[in-house]
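Read the structure below first, then the notes.
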Amino acid sequence: PITHVGLWHLVAHEMKPGHYIDSAIADLGWRAGKLGFEAVASTMCTSSIALREGLAQNALAMLHGGSEEAVIDNLGAEHKIHYIMERLQDAAKQNGAILQHWHGRDIEEIEEHFRVFCVLSDAYVKKMLRWANHPIIGPMYGPAYATGYKVVREAIDKHSPQKVAEAAFHQHGYLDLETFQMVLGQ
């Protein structure tokens, strides 16, 4: 179930200025011959997808000058709780697969980890178990959210939301986490 607060974050993440705008700009760049086909293919489990998830995870803050505090000030204190819950979900996406595939923990232990350490509701526990159990998505795609969030968040804080948007929205070519940081460092 989606909350009013969650809807703000979902729309920003999936649509504007998140994945939809990202994909539209990439498609326009490819059609104009400025980007290669990989920009429109969105290959799962890659460093470029981690950048795209990081941008989407920071999308609502980008609409508010790059600041999560501005989101909280402008839209309400409950957004602070939502940001914390998103980071806990990111941890669950990453840690569930590690617990499952690396440490061989049984489902009950992983469920308990999600409930206790990630403070997830039953609906999110079920969702994260699907991630954790999948042999590819869990280990290879799960870390994209936490890692992408951190890299983009640090870039916003170090540079500016405008420079981050320019780089992340393919104005310097199709980038991944490493080339994104290199472009911003120039």
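In the structure tokens, each chain is lettered A, B, ... as it comes, each chain's residues begin at 1, and ligands are numbered from 1 in order of appearance.
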Taking the DSSP secondary structure from the backbone, can you list the residues of stretch 86-137 of chain A that are alpha helix (DSSP H), as an mmCIF file with all heavy atoms, in the first residue's frame?
data_model
loop_
_atom_site.group_PDB
_atom_site.id
_atom_site.type_symbol
_atom_site.label_atom_id
_atom_site.label_comp_id
_atom_site.auth_asym_id
_atom_site.auth_seq_id
_atom_site.Cartn_x
_atom_site.Cartn_y
_atom_site.Cartn_z
ATOM 1 N N GLU A 86 13.419 4.396 3.198
ATOM 2 C CA GLU A 86 14.042 4.065 1.903
ATOM 3 C C GLU A 86 15.451 3.528 2.092
ATOM 4 O O GLU A 86 15.850 2.576 1.413
ATOM 5 C CB GLU A 86 14.062 5.286 0.989
ATOM 6 C CG GLU A 86 12.730 5.601 0.367
ATOM 7 C CD GLU A 86 12.798 6.727 -0.653
ATOM 8 O OE1 GLU A 86 13.851 7.383 -0.788
ATOM 9 O OE2 GLU A 86 11.782 6.950 -1.320
ATOM 10 N N ARG A 87 16.233 4.130 2.989
ATOM 11 C CA ARG A 87 17.589 3.636 3.224
ATOM 12 C C ARG A 87 17.540 2.232 3.832
ATOM 13 O O ARG A 87 18.389 1.387 3.526
ATOM 14 C CB ARG A 87 18.358 4.582 4.141
ATOM 15 C CG ARG A 87 18.552 6.024 3.651
ATOM 16 C CD ARG A 87 19.340 6.223 2.358
ATOM 17 N NE ARG A 87 18.708 5.786 1.149
ATOM 18 C CZ ARG A 87 17.754 6.479 0.473
ATOM 19 N NH1 ARG A 87 17.320 7.623 0.894
ATOM 20 N NH2 ARG A 87 17.254 5.987 -0.659
ATOM 21 N N LEU A 88 16.555 1.962 4.685
ATOM 22 C CA LEU A 88 16.419 0.618 5.254
ATOM 23 C C LEU A 88 16.017 -0.393 4.188
ATOM 24 O O LEU A 88 16.500 -1.535 4.187
ATOM 25 C CB LEU A 88 15.408 0.633 6.409
ATOM 26 C CG LEU A 88 15.887 1.365 7.669
ATOM 27 C CD1 LEU A 88 14.717 1.617 8.618
ATOM 28 C CD2 LEU A 88 16.997 0.587 8.355
ATOM 29 N N GLN A 89 15.166 0.010 3.256
ATOM 30 C CA GLN A 89 14.815 -0.875 2.141
ATOM 31 C C GLN A 89 16.028 -1.128 1.251
ATOM 32 O O GLN A 89 16.248 -2.251 0.783
ATOM 33 C CB GLN A 89 13.684 -0.274 1.320
ATOM 34 C CG GLN A 89 12.347 -0.312 2.006
ATOM 35 C CD GLN A 89 11.298 0.419 1.199
ATOM 36 O OE1 GLN A 89 11.178 0.197 -0.005
ATOM 37 N NE2 GLN A 89 10.547 1.280 1.854
ATOM 38 N N ASP A 90 16.818 -0.080 1.015
ATOM 39 C CA ASP A 90 18.047 -0.250 0.227
ATOM 40 C C ASP A 90 18.970 -1.267 0.898
ATOM 41 O O ASP A 90 19.555 -2.121 0.233
ATOM 42 C CB ASP A 90 18.793 1.081 0.084
ATOM 43 C CG ASP A 90 18.073 2.091 -0.787
ATOM 44 O OD1 ASP A 90 17.075 1.738 -1.444
ATOM 45 O OD2 ASP A 90 18.519 3.263 -0.796
ATOM 46 N N ALA A 91 19.088 -1.164 2.221
ATOM 47 C CA ALA A 91 19.930 -2.115 2.962
ATOM 48 C C ALA A 91 19.376 -3.528 2.842
ATOM 49 O O ALA A 91 20.137 -4.483 2.666
ATOM 50 C CB ALA A 91 20.023 -1.693 4.424
ATOM 51 N N ALA A 92 18.056 -3.656 2.899
ATOM 52 C CA ALA A 92 17.447 -4.983 2.776
ATOM 53 C C ALA A 92 17.703 -5.574 1.395
ATOM 54 O O ALA A 92 18.004 -6.767 1.274
ATOM 55 C CB ALA A 92 15.944 -4.903 3.050
ATOM 56 N N LYS A 93 17.587 -4.753 0.346
ATOM 57 C CA LYS A 93 17.835 -5.246 -1.009
ATOM 58 C C LYS A 93 19.256 -5.777 -1.139
ATOM 59 O O LYS A 93 19.500 -6.786 -1.790
ATOM 60 C CB LYS A 93 17.610 -4.130 -2.035
ATOM 61 C CG LYS A 93 16.162 -3.791 -2.236
ATOM 62 C CD LYS A 93 16.006 -2.599 -3.161
ATOM 63 C CE LYS A 93 14.546 -2.197 -3.256
ATOM 64 N NZ LYS A 93 14.364 -0.938 -3.987
ATOM 65 N N GLN A 94 20.186 -5.079 -0.522
ATOM 66 C CA GLN A 94 21.586 -5.477 -0.604
ATOM 67 C C GLN A 94 21.896 -6.629 0.351
ATOM 68 O O GLN A 94 22.495 -7.632 -0.044
ATOM 69 C CB GLN A 94 22.468 -4.276 -0.271
ATOM 70 C CG GLN A 94 23.947 -4.558 -0.331
ATOM 71 C CD GLN A 94 24.758 -3.295 -0.271
ATOM 72 O OE1 GLN A 94 24.459 -2.331 -0.963
ATOM 73 N NE2 GLN A 94 25.772 -3.287 0.556
ATOM 74 N N ASN A 95 21.488 -6.521 1.593
ATOM 75 C CA ASN A 95 21.875 -7.495 2.611
ATOM 76 C C ASN A 95 21.146 -8.824 2.487
ATOM 77 O O ASN A 95 21.701 -9.858 2.853
ATOM 78 C CB ASN A 95 21.651 -6.913 4.001
ATOM 79 C CG ASN A 95 22.542 -5.727 4.269
ATOM 80 O OD1 ASN A 95 23.519 -5.503 3.568
ATOM 81 N ND2 ASN A 95 22.196 -4.953 5.273
ATOM 82 N N GLY A 96 19.915 -8.798 1.999
ATOM 83 C CA GLY A 96 19.158 -10.041 1.878
ATOM 84 C C GLY A 96 19.869 -11.052 1.001
ATOM 85 O O GLY A 96 19.966 -12.238 1.340
ATOM 86 N N ALA A 97 20.369 -10.587 -0.117
ATOM 87 C CA ALA A 97 21.074 -11.490 -1.031
ATOM 88 C C ALA A 97 22.378 -11.988 -0.420
ATOM 89 O O ALA A 97 22.759 -13.151 -0.612
ATOM 90 C CB ALA A 97 21.351 -10.793 -2.356
ATOM 91 N N ILE A 107 15.397 -18.835 5.254
ATOM 92 C CA ILE A 107 14.409 -17.785 4.997
ATOM 93 C C ILE A 107 13.926 -17.133 6.287
ATOM 94 O O ILE A 107 13.758 -15.916 6.351
ATOM 95 C CB ILE A 107 13.219 -18.352 4.186
ATOM 96 C CG1 ILE A 107 13.683 -18.820 2.806
ATOM 97 C CG2 ILE A 107 12.093 -17.335 4.068
ATOM 98 C CD1 ILE A 107 14.318 -17.746 1.956
ATOM 99 N N GLU A 108 13.723 -17.924 7.336
ATOM 100 C CA GLU A 108 13.233 -17.377 8.597
ATOM 101 C C GLU A 108 14.220 -16.374 9.188
ATOM 102 O O GLU A 108 13.820 -15.330 9.719
ATOM 103 C CB GLU A 108 12.954 -18.503 9.610
ATOM 104 C CG GLU A 108 11.771 -19.391 9.235
ATOM 105 C CD GLU A 108 12.113 -20.415 8.138
ATOM 106 O OE1 GLU A 108 13.297 -20.771 7.958
ATOM 107 O OE2 GLU A 108 11.165 -20.833 7.446
ATOM 108 N N GLU A 109 15.506 -16.650 9.095
ATOM 109 C CA GLU A 109 16.523 -15.713 9.601
ATOM 110 C C GLU A 109 16.534 -14.425 8.786
ATOM 111 O O GLU A 109 16.695 -13.339 9.344
ATOM 112 C CB GLU A 109 17.908 -16.354 9.547
ATOM 113 C CG GLU A 109 18.153 -17.425 10.579
ATOM 114 C CD GLU A 109 19.551 -17.991 10.439
ATOM 115 O OE1 GLU A 109 19.713 -18.947 9.644
ATOM 116 O OE2 GLU A 109 20.466 -17.473 11.116
ATOM 117 N N ILE A 110 16.381 -14.570 7.483
ATOM 118 C CA ILE A 110 16.378 -13.386 6.618
ATOM 119 C C ILE A 110 15.127 -12.553 6.884
ATOM 120 O O ILE A 110 15.210 -11.316 6.986
ATOM 121 C CB ILE A 110 16.492 -13.795 5.135
ATOM 122 C CG1 ILE A 110 17.821 -14.516 4.898
ATOM 123 C CG2 ILE A 110 16.366 -12.569 4.229
ATOM 124 C CD1 ILE A 110 17.934 -15.176 3.555
ATOM 125 N N GLU A 111 13.985 -13.207 7.034
ATOM 126 C CA GLU A 111 12.752 -12.486 7.385
ATOM 127 C C GLU A 111 12.939 -11.712 8.687
ATOM 128 O O GLU A 111 12.539 -10.553 8.793
ATOM 129 C CB GLU A 111 11.582 -13.457 7.527
ATOM 130 C CG GLU A 111 11.043 -13.983 6.236
ATOM 131 C CD GLU A 111 9.904 -14.983 6.449
ATOM 132 O OE1 GLU A 111 9.575 -15.321 7.615
ATOM 133 O OE2 GLU A 111 9.341 -15.429 5.436
ATOM 134 N N GLU A 112 13.527 -12.354 9.670
ATOM 135 C CA GLU A 112 13.770 -11.702 10.959
ATOM 136 C C GLU A 112 14.697 -10.501 10.799
ATOM 137 O O GLU A 112 14.477 -9.447 11.403
ATOM 138 C CB GLU A 112 14.359 -12.718 11.951
ATOM 139 C CG GLU A 112 14.549 -12.180 13.339
ATOM 140 C CD GLU A 112 13.244 -11.966 14.086
ATOM 141 O OE1 GLU A 112 12.165 -12.391 13.619
ATOM 142 O OE2 GLU A 112 13.294 -11.359 15.171
ATOM 143 N N HIS A 113 15.731 -10.656 9.995
ATOM 144 C CA HIS A 113 16.648 -9.538 9.718
ATOM 145 C C HIS A 113 15.870 -8.361 9.112
ATOM 146 O O HIS A 113 16.049 -7.213 9.528
ATOM 147 C CB HIS A 113 17.766 -9.986 8.769
ATOM 148 C CG HIS A 113 18.673 -8.881 8.349
ATOM 149 N ND1 HIS A 113 19.722 -8.452 9.136
ATOM 150 C CD2 HIS A 113 18.669 -8.093 7.242
ATOM 151 C CE1 HIS A 113 20.334 -7.443 8.528
ATOM 152 N NE2 HIS A 113 19.721 -7.218 7.372
ATOM 153 N N PHE A 114 15.017 -8.651 8.158
ATOM 154 C CA PHE A 114 14.229 -7.591 7.512
ATOM 155 C C PHE A 114 13.293 -6.907 8.508
ATOM 156 O O PHE A 114 13.157 -5.686 8.497
ATOM 157 C CB PHE A 114 13.420 -8.150 6.347
ATOM 158 C CG PHE A 114 14.233 -8.554 5.146
ATOM 159 C CD1 PHE A 114 13.680 -9.396 4.198
ATOM 160 C CD2 PHE A 114 15.525 -8.103 4.945
ATOM 161 C CE1 PHE A 114 14.396 -9.772 3.070
ATOM 162 C CE2 PHE A 114 16.257 -8.478 3.833
ATOM 163 C CZ PHE A 114 15.697 -9.315 2.889
ATOM 164 N N ARG A 115 12.654 -7.696 9.363
ATOM 165 C CA ARG A 115 11.697 -7.127 10.325
ATOM 166 C C ARG A 115 12.395 -6.335 11.431
ATOM 167 O O ARG A 115 11.964 -5.250 11.790
ATOM 168 C CB ARG A 115 10.862 -8.238 10.961
ATOM 169 C CG ARG A 115 9.767 -8.742 10.078
ATOM 170 C CD ARG A 115 8.790 -9.655 10.834
ATOM 171 N NE ARG A 115 7.815 -10.167 9.881
ATOM 172 C CZ ARG A 115 7.959 -11.305 9.214
ATOM 173 N NH1 ARG A 115 9.015 -12.064 9.396
ATOM 174 N NH2 ARG A 115 7.038 -11.686 8.357
ATOM 175 N N VAL A 116 13.480 -6.892 11.981
ATOM 176 C CA VAL A 116 14.131 -6.288 13.144
ATOM 177 C C VAL A 116 15.134 -5.209 12.750
ATOM 178 O O VAL A 116 15.057 -4.079 13.221
ATOM 179 C CB VAL A 116 14.812 -7.375 14.006
ATOM 180 C CG1 VAL A 116 15.618 -6.756 15.140
ATOM 181 C CG2 VAL A 116 13.765 -8.342 14.549
ATOM 182 N N ASP A 122 5.324 -6.433 6.812
ATOM 183 C CA ASP A 122 5.182 -7.743 6.168
ATOM 184 C C ASP A 122 5.185 -7.639 4.646
ATOM 185 O O ASP A 122 5.781 -8.478 3.965
ATOM 186 C CB ASP A 122 3.895 -8.432 6.637
ATOM 187 C CG ASP A 122 4.000 -8.949 8.064
ATOM 188 O OD1 ASP A 122 5.137 -9.103 8.565
ATOM 189 O OD2 ASP A 122 2.948 -9.190 8.677
ATOM 190 N N ALA A 123 4.522 -6.605 4.095
ATOM 191 C CA ALA A 123 4.483 -6.442 2.634
ATOM 192 C C ALA A 123 5.888 -6.250 2.074
ATOM 193 O O ALA A 123 6.246 -6.845 1.054
ATOM 194 C CB ALA A 123 3.592 -5.269 2.256
ATOM 195 N N TYR A 124 6.707 -5.446 2.750
ATOM 196 C CA TYR A 124 8.073 -5.222 2.272
ATOM 197 C C TYR A 124 8.971 -6.420 2.542
ATOM 198 O O TYR A 124 9.885 -6.691 1.766
ATOM 199 C CB TYR A 124 8.661 -3.938 2.863
ATOM 200 C CG TYR A 124 8.180 -2.718 2.149
ATOM 201 C CD1 TYR A 124 7.198 -1.903 2.702
ATOM 202 C CD2 TYR A 124 8.681 -2.377 0.900
ATOM 203 C CE1 TYR A 124 6.742 -0.784 2.028
ATOM 204 C CE2 TYR A 124 8.235 -1.262 0.221
ATOM 205 C CZ TYR A 124 7.261 -0.468 0.786
ATOM 206 O OH TYR A 124 6.816 0.627 0.121
ATOM 207 N N VAL A 125 8.718 -7.131 3.627
ATOM 208 C CA VAL A 125 9.484 -8.357 3.892
ATOM 209 C C VAL A 125 9.286 -9.328 2.733
ATOM 210 O O VAL A 125 10.251 -9.890 2.202
ATOM 211 C CB VAL A 125 9.082 -8.998 5.240
ATOM 212 C CG1 VAL A 125 9.643 -10.411 5.361
ATOM 213 C CG2 VAL A 125 9.565 -8.128 6.397
ATOM 214 N N LYS A 126 8.048 -9.522 2.305
ATOM 215 C CA LYS A 126 7.764 -10.424 1.182
ATOM 216 C C LYS A 126 8.459 -9.953 -0.090
ATOM 217 O O LYS A 126 9.038 -10.752 -0.831
ATOM 218 C CB LYS A 126 6.253 -10.528 0.951
ATOM 219 C CG LYS A 126 5.537 -11.309 2.018
ATOM 220 C CD LYS A 126 4.049 -11.337 1.765
ATOM 221 C CE LYS A 126 3.323 -11.986 2.923
ATOM 222 N NZ LYS A 126 1.875 -11.936 2.757
ATOM 223 N N LYS A 127 8.397 -8.651 -0.348
ATOM 224 C CA LYS A 127 9.048 -8.095 -1.544
ATOM 225 C C LYS A 127 10.561 -8.320 -1.483
ATOM 226 O O LYS A 127 11.175 -8.760 -2.466
ATOM 227 C CB LYS A 127 8.740 -6.602 -1.648
ATOM 228 C CG LYS A 127 9.406 -5.920 -2.822
ATOM 229 C CD LYS A 127 9.086 -4.433 -2.851
ATOM 230 C CE LYS A 127 9.810 -3.746 -3.992
ATOM 231 N NZ LYS A 127 9.529 -2.309 -4.040
ATOM 232 N N MET A 128 11.170 -8.029 -0.354
ATOM 233 C CA MET A 128 12.619 -8.165 -0.226
ATOM 234 C C MET A 128 13.063 -9.623 -0.262
ATOM 235 O O MET A 128 14.166 -9.926 -0.718
ATOM 236 C CB MET A 128 13.108 -7.499 1.057
ATOM 237 C CG MET A 128 12.950 -5.990 1.080
ATOM 238 S SD MET A 128 13.717 -5.170 -0.328
ATOM 239 C CE MET A 128 12.356 -4.169 -0.872
ATOM 240 N N LEU A 129 12.200 -10.543 0.192
ATOM 241 C CA LEU A 129 12.540 -11.963 0.091
ATOM 242 C C LEU A 129 12.640 -12.394 -1.366
ATOM 243 O O LEU A 129 13.496 -13.220 -1.718
ATOM 244 C CB LEU A 129 11.517 -12.822 0.831
ATOM 245 C CG LEU A 129 11.655 -12.866 2.338
ATOM 246 C CD1 LEU A 129 10.511 -13.649 2.955
ATOM 247 C CD2 LEU A 129 13.000 -13.449 2.755
ATOM 248 N N ARG A 130 11.798 -11.827 -2.218
ATOM 249 C CA ARG A 130 11.898 -12.150 -3.652
ATOM 250 C C ARG A 130 13.238 -11.678 -4.201
ATOM 251 O O ARG A 130 13.866 -12.369 -5.008
ATOM 252 C CB ARG A 130 10.728 -11.538 -4.421
ATOM 253 C CG ARG A 130 9.411 -12.250 -4.147
ATOM 254 C CD ARG A 130 8.307 -11.851 -5.097
ATOM 255 N NE ARG A 130 7.966 -10.443 -5.061
ATOM 256 C CZ ARG A 130 7.068 -9.899 -4.224
ATOM 257 N NH1 ARG A 130 6.448 -10.666 -3.344
ATOM 258 N NH2 ARG A 130 6.816 -8.617 -4.268
ATOM 259 N N TRP A 131 13.679 -10.497 -3.773
ATOM 260 C CA TRP A 131 14.997 -10.012 -4.190
ATOM 261 C C TRP A 131 16.088 -10.936 -3.661
ATOM 262 O O TRP A 131 16.995 -11.328 -4.400
ATOM 263 C CB TRP A 131 15.235 -8.603 -3.639
ATOM 264 C CG TRP A 131 14.575 -7.502 -4.367
ATOM 265 C CD1 TRP A 131 13.244 -7.191 -4.342
ATOM 266 C CD2 TRP A 131 15.184 -6.553 -5.223
ATOM 267 N NE1 TRP A 131 13.008 -6.101 -5.121
ATOM 268 C CE2 TRP A 131 14.181 -5.680 -5.672
ATOM 269 C CE3 TRP A 131 16.495 -6.350 -5.642
ATOM 270 C CZ2 TRP A 131 14.440 -4.622 -6.524
ATOM 271 C CZ3 TRP A 131 16.747 -5.290 -6.485
ATOM 272 C CH2 TRP A 131 15.726 -4.439 -6.927
ATOM 273 N N ALA A 132 16.030 -11.239 -2.378
ATOM 274 C CA ALA A 132 17.079 -12.027 -1.737
ATOM 275 C C ALA A 132 17.211 -13.414 -2.358
ATOM 276 O O ALA A 132 18.319 -13.916 -2.517
ATOM 277 C CB ALA A 132 16.791 -12.161 -0.238
ATOM 278 N N ASN A 133 16.100 -14.026 -2.714
ATOM 279 C CA ASN A 133 16.117 -15.383 -3.247
ATOM 280 C C ASN A 133 16.540 -15.469 -4.698
ATOM 281 O O ASN A 133 16.991 -16.517 -5.143
ATOM 282 C CB ASN A 133 14.732 -16.025 -3.091
ATOM 283 C CG ASN A 133 14.447 -16.396 -1.664
ATOM 284 O OD1 ASN A 133 15.341 -16.812 -0.933
ATOM 285 N ND2 ASN A 133 13.212 -16.220 -1.250
#
Would you pick out the contacts of A:Phe37 at 12 Å or less, using only C-alpha atoms, so that residues sharing its chain but fewer than 3 positions from it are not included, and give the list as a PyMOL selection string? chain A and resi 26-34+40-43+173-174
Any chance you could export the current selection's C-alpha atoms as an mmCIF file, in the first residue's frame?
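Below is the file part_14.cif, written as the result:
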data_model
loop_
_atom_site.group_PDB
_atom_site.id
_atom_site.type_symbol
_atom_site.label_atom_id
_atom_site.label_comp_id
_atom_site.auth_asym_id
_atom_site.auth_seq_id
_atom_site.Cartn_x
_atom_site.Cartn_y
_atom_site.Cartn_z
ATOM 1 C CA ALA A 26 18.619 9.012 -23.267
ATOM 2 C CA ASP A 27 16.252 8.112 -26.106
ATOM 3 C CA LEU A 28 16.461 11.622 -27.568
ATOM 4 C CA GLY A 29 20.264 11.513 -27.311
ATOM 5 C CA TRP A 30 20.379 8.155 -29.089
ATOM 6 C CA ARG A 31 17.992 9.322 -31.824
ATOM 7 C CA ALA A 32 20.145 12.434 -32.340
ATOM 8 C CA GLY A 33 23.268 10.278 -32.661
ATOM 9 C CA LYS A 34 24.813 11.716 -29.478
ATOM 10 C CA VAL A 40 18.434 3.149 -24.262
ATOM 11 C CA ALA A 41 18.995 -0.518 -23.408
ATOM 12 C CA SER A 42 19.183 -0.042 -19.596
ATOM 13 C CA THR A 43 21.162 -3.224 -18.996
ATOM 14 C CA GLY A 173 27.632 10.954 -22.758
ATOM 15 C CA TYR A 174 26.235 7.790 -21.254
#
Pick out the residues sitting within 8 Å of stretch 82-85 of chain A, and hand them over as a short mmCIF file (atom, residue, chain, number, x, y, z; two decimals) with all heavy atoms, in the first residue's frame; count only C-alpha atoms, and ignore anything fewer than 5 positions along from it in its own chain.
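Once written, selection-v2.cif looks like this:
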data_model
loop_
_atom_site.label_atom_id
_atom_site.label_comp_id
_atom_site.auth_asym_id
_atom_site.auth_seq_id
_atom_site.Cartn_x
_atom_site.Cartn_y
_atom_site.Cartn_z
N VAL A 5 2.73 10.31 1.38
CA VAL A 5 4.15 10.66 1.37
C VAL A 5 4.91 9.76 0.40
O VAL A 5 5.74 10.23 -0.39
CB VAL A 5 4.75 10.56 2.79
CG1 VAL A 5 6.25 10.72 2.78
CG2 VAL A 5 4.10 11.60 3.70
N GLY A 6 4.62 8.47 0.45
CA GLY A 6 5.29 7.53 -0.45
C GLY A 6 5.02 7.83 -1.91
O GLY A 6 5.88 7.61 -2.76
N VAL A 119 13.45 -2.89 9.85
CA VAL A 119 12.15 -2.35 10.30
C VAL A 119 11.12 -2.36 9.16
O VAL A 119 10.41 -1.38 8.95
CB VAL A 119 12.31 -0.92 10.88
CG1 VAL A 119 11.10 -0.55 11.72
CG2 VAL A 119 13.58 -0.78 11.69
#
Among listed residues A:Gly36, A:Gly54, A:Gly185, A:Gly76, nearest A:Lys163 (using only C-alpha atoms):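 Residue with the minimum atom-to-atom distance to A:Lys163: A:Gly185.
Across the model, the gap from atom CA of A:Thr147 to atom CA of A:Glu166 is 19.8 Å.
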Taking a cut-off of 10 Å and counting only C-alpha atoms, can you build a table that, for each residue of stretch 87-142 of chain A near stretch 44-47 of chain A, reports the nearest atom pair and how far apart they are in Å (one decimal), sorted by chain then residue number, as a Markdown table?
| residue | atom | partner | partner_atom | distance |
| --- | --- | --- | --- | --- |
| A:Ile136 | CA | A:Cys45 | CA | 8.2 |
| A:Ile137 | CA | A:Cys45 | CA | 7.3 |
| A:Gly138 | CA | A:Cys45 | CA | 9.6 |
| A:Pro139 | CA | A:Cys45 | CA | 8.9 |
| A:Met140 | CA | A:Cys45 | CA | 5.2 |
| A:Tyr141 | CA | A:Cys45 | CA | 4.8 |
| A:Gly142 | CA | A:Cys45 | CA | 8.5 |
Distance table requested - stretch 121-163 of chain A against stretch 57-63 of chain A, cut-off 9 Å, only C-alpha atoms: one row per qualifying residue with the closest atom pair and its distance in Å to one decimal, ordered by chain and rising residue number, as CSV.
residue,atom,partner,partner_atom,distance
A:Tyr145,CA,A:Gln57,CA,7.2
A:Ala146,CA,A:Gln57,CA,8.8
A:Gly148,CA,A:Gln57,CA,7.9
A:Tyr149,CA,A:Gln57,CA,5.8
A:Val152,CA,A:Asn58,CA,7.3
A:Arg153,CA,A:Asn58,CA,6.9
A:Ile156,CA,A:Met62,CA,8.5
A:Pro161,CA,A:Met62,CA,6.2
A:Gln162,CA,A:Met62,CA,8.6
Export, as a CSV table (one decimal), in the first residue's frame, the selected residues with N, CA and C atoms.
chain,number,residue,atom,x,y,z
A,145,TYR,N,20.8,0.3,-5.5
A,145,TYR,CA,20.1,1.3,-4.8
A,145,TYR,C,20.9,2.0,-3.8
A,146,ALA,N,21.5,1.3,-2.9
A,146,ALA,CA,22.3,1.9,-1.8
A,146,ALA,C,23.6,2.5,-2.3
A,148,GLY,N,24.2,3.5,-5.5
A,148,GLY,CA,23.8,4.6,-6.4
A,148,GLY,C,23.4,5.8,-5.6
A,149,TYR,N,22.6,5.6,-4.6
A,149,TYR,CA,22.1,6.7,-3.7
A,149,TYR,C,23.3,7.4,-3.1
A,152,VAL,N,25.5,9.4,-5.8
A,152,VAL,CA,24.8,10.6,-6.3
A,152,VAL,C,24.6,11.6,-5.1
A,153,ARG,N,24.2,11.2,-3.9
A,153,ARG,CA,24.1,12.1,-2.8
A,153,ARG,C,25.4,12.8,-2.5
A,156,ILE,N,25.9,15.4,-5.2
A,156,ILE,CA,25.1,16.6,-5.0
A,156,ILE,C,25.7,17.5,-4.0
A,161,PRO,N,23.3,20.4,-7.5
A,161,PRO,CA,22.3,19.6,-8.2
A,161,PRO,C,22.3,19.8,-9.7
A,162,GLN,N,22.6,21.0,-10.1
A,162,GLN,CA,22.6,21.3,-11.6
A,162,GLN,C,23.7,20.5,-12.3
I'd like the interatomic distance between atom CA of A:Pro135 and atom CA of A:Thr179, to a tenth of an Å. 27.7 Å
Distance criterion (only C-alpha atoms): nearest to A:Asp157 out of A:Gly66, A:Val71, A:Gly104, A:Phe169: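 Of all the options, A:Gly66 lies closest to A:Asp157.
Relative to atom CA of A:Met182, atom CA of A:Lys16 is found at 25.4 Å.
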Residue nearest A:His9 among A:Asp106, A:Val151, A:Leu175, A:Ala56 (counting only C-alpha atoms): A:Ala56
Given only C-alpha atoms as the basis, pick out the residue of A:Ala165, A:Leu55, A:Cys118, A:Leu75 nearest to A:Trp8.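 Using only C-alpha atoms, the shortest distance to A:Trp8 belongs to A:Leu75.
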